[in-house]
Amino acid sequence: MNHPPLVAHALDFAAVTFGLALLLTAWRLRGPEAPDRVLALDTMYVNVVALVVVLGLRIGTPLLFEAALLIALLGFASTVALARYLSRGDVIE
């Protein structure tokens, strides 16, 4: 898609920033305890959703917005399942 130069640079900067945040969160995934790892995974999927949305804006395709919605839905469900597993020891009662 043909964006004005300032918007194109802002989208590129946002993509690099979200990519860097994703790498730093992946590094945090080595946390000492399980709740640290769950929070890192939660932050990772939020960063992935933001990166996919920014790339969808940059490329100009609506398909990436649907992918971001699907990633957000699966990330939320997995975070809830992991939190229930850590607090109760099982996911389904």
# chains A, B, ... in the order shown; residues from 1 in each chain; ligands from 1
>>> closest_atom_pairs(of="segment 22-51 of chain A", to="segment 55-69 of chain A", cutoff="8 Å", atoms="only C-alpha atoms", output="tab-separated table")
residue	atom	partner	partner_atom	distance
A:Val48	CA	A:Ala68	CA	7.9
A:Val49	CA	A:Ala68	CA	5.0
A:Ala50	CA	A:Ala68	CA	7.8
A:Leu51	CA	A:Leu55	CA	6.1
>>> residues_around(residues="Phe76 of chain A", least_positions_apart="3", cutoff="12 Å", atoms="only C-alpha atoms", output="list in words")
Val38, Leu39, Leu41, Asp42, Thr43, Met44, Tyr45, Val46, Val49, Leu69, Leu70, Ile71, Ala72, Leu73, Thr79, Val80, Ala81, Leu82 and Ala83 of chain A
>>> write_last_selection(atoms="N, CA and C atoms", output="mmCIF file, in the first residue's frame")
data_model
loop_
_atom_site.group_PDB
_atom_site.id
_atom_site.type_symbol
_atom_site.label_atom_id
_atom_site.label_comp_id
_atom_site.auth_asym_id
_atom_site.auth_seq_id
_atom_site.Cartn_x
_atom_site.Cartn_y
_atom_site.Cartn_z
ATOM 1 N N VAL A 38 4.340 -17.832 32.537
ATOM 2 C CA VAL A 38 2.979 -17.581 32.054
ATOM 3 C C VAL A 38 2.818 -16.109 31.690
ATOM 4 N N LEU A 39 3.322 -15.211 32.516
ATOM 5 C CA LEU A 39 3.251 -13.783 32.197
ATOM 6 C C LEU A 39 4.053 -13.452 30.948
ATOM 7 N N LEU A 41 4.584 -15.520 28.412
ATOM 8 C CA LEU A 41 3.791 -15.997 27.272
ATOM 9 C C LEU A 41 2.629 -15.062 26.970
ATOM 10 N N ASP A 42 1.984 -14.551 28.010
ATOM 11 C CA ASP A 42 0.882 -13.612 27.832
ATOM 12 C C ASP A 42 1.371 -12.341 27.134
ATOM 13 N N THR A 43 2.496 -11.847 27.564
ATOM 14 C CA THR A 43 3.060 -10.648 26.937
ATOM 15 C C THR A 43 3.506 -10.933 25.511
ATOM 16 N N MET A 44 4.004 -12.149 25.277
ATOM 17 C CA MET A 44 4.433 -12.499 23.917
ATOM 18 C C MET A 44 3.260 -12.492 22.942
ATOM 19 N N TYR A 45 2.140 -13.065 23.347
ATOM 20 C CA TYR A 45 1.032 -13.087 22.388
ATOM 21 C C TYR A 45 0.468 -11.687 22.166
ATOM 22 N N VAL A 46 0.512 -10.822 23.170
ATOM 23 C CA VAL A 46 0.076 -9.436 22.964
ATOM 24 C C VAL A 46 1.016 -8.732 21.978
ATOM 25 N N VAL A 49 0.279 -10.032 18.467
ATOM 26 C CA VAL A 49 -0.948 -9.420 17.936
ATOM 27 C C VAL A 49 -0.657 -8.005 17.443
ATOM 28 N N LEU A 69 -6.843 -11.345 15.292
ATOM 29 C CA LEU A 69 -7.984 -11.674 16.147
ATOM 30 C C LEU A 69 -7.927 -13.129 16.599
ATOM 31 N N LEU A 70 -7.555 -14.019 15.701
ATOM 32 C CA LEU A 70 -7.440 -15.429 16.044
ATOM 33 C C LEU A 70 -6.299 -15.666 17.041
ATOM 34 N N ILE A 71 -5.181 -15.003 16.848
ATOM 35 C CA ILE A 71 -4.055 -15.124 17.783
ATOM 36 C C ILE A 71 -4.452 -14.609 19.156
ATOM 37 N N ALA A 72 -5.171 -13.494 19.206
ATOM 38 C CA ALA A 72 -5.610 -12.938 20.490
ATOM 39 C C ALA A 72 -6.561 -13.891 21.196
ATOM 40 N N LEU A 73 -7.466 -14.497 20.471
ATOM 41 C CA LEU A 73 -8.419 -15.435 21.065
ATOM 42 C C LEU A 73 -7.707 -16.661 21.622
ATOM 43 N N THR A 79 -3.796 -18.525 28.164
ATOM 44 C CA THR A 79 -3.415 -17.891 29.420
ATOM 45 C C THR A 79 -4.364 -18.291 30.546
ATOM 46 N N VAL A 80 -5.638 -18.331 30.261
ATOM 47 C CA VAL A 80 -6.610 -18.755 31.275
ATOM 48 C C VAL A 80 -6.379 -20.215 31.653
ATOM 49 N N ALA A 81 -6.120 -21.060 30.668
ATOM 50 C CA ALA A 81 -5.880 -22.477 30.963
ATOM 51 C C ALA A 81 -4.618 -22.656 31.799
ATOM 52 N N LEU A 82 -3.560 -21.956 31.461
ATOM 53 C CA LEU A 82 -2.327 -22.072 32.238
ATOM 54 C C LEU A 82 -2.496 -21.529 33.651
ATOM 55 N N ALA A 83 -3.220 -20.445 33.801
ATOM 56 C CA ALA A 83 -3.451 -19.885 35.130
ATOM 57 C C ALA A 83 -4.280 -20.840 35.989
#
>>> atom_distance(atom1="atom CA of Leu6 of chain A", atom2="atom CA of Val54 of chain A")
14.6 Å
>>> atom_distance(atom1="atom CA of Asp12 of chain A", atom2="atom CA of Gly75 of chain A")
24.7 Å
>>> atom_distance(atom1="atom CA of Ala14 of chain A", atom2="atom CA of Val53 of chain A")
10.3 Å
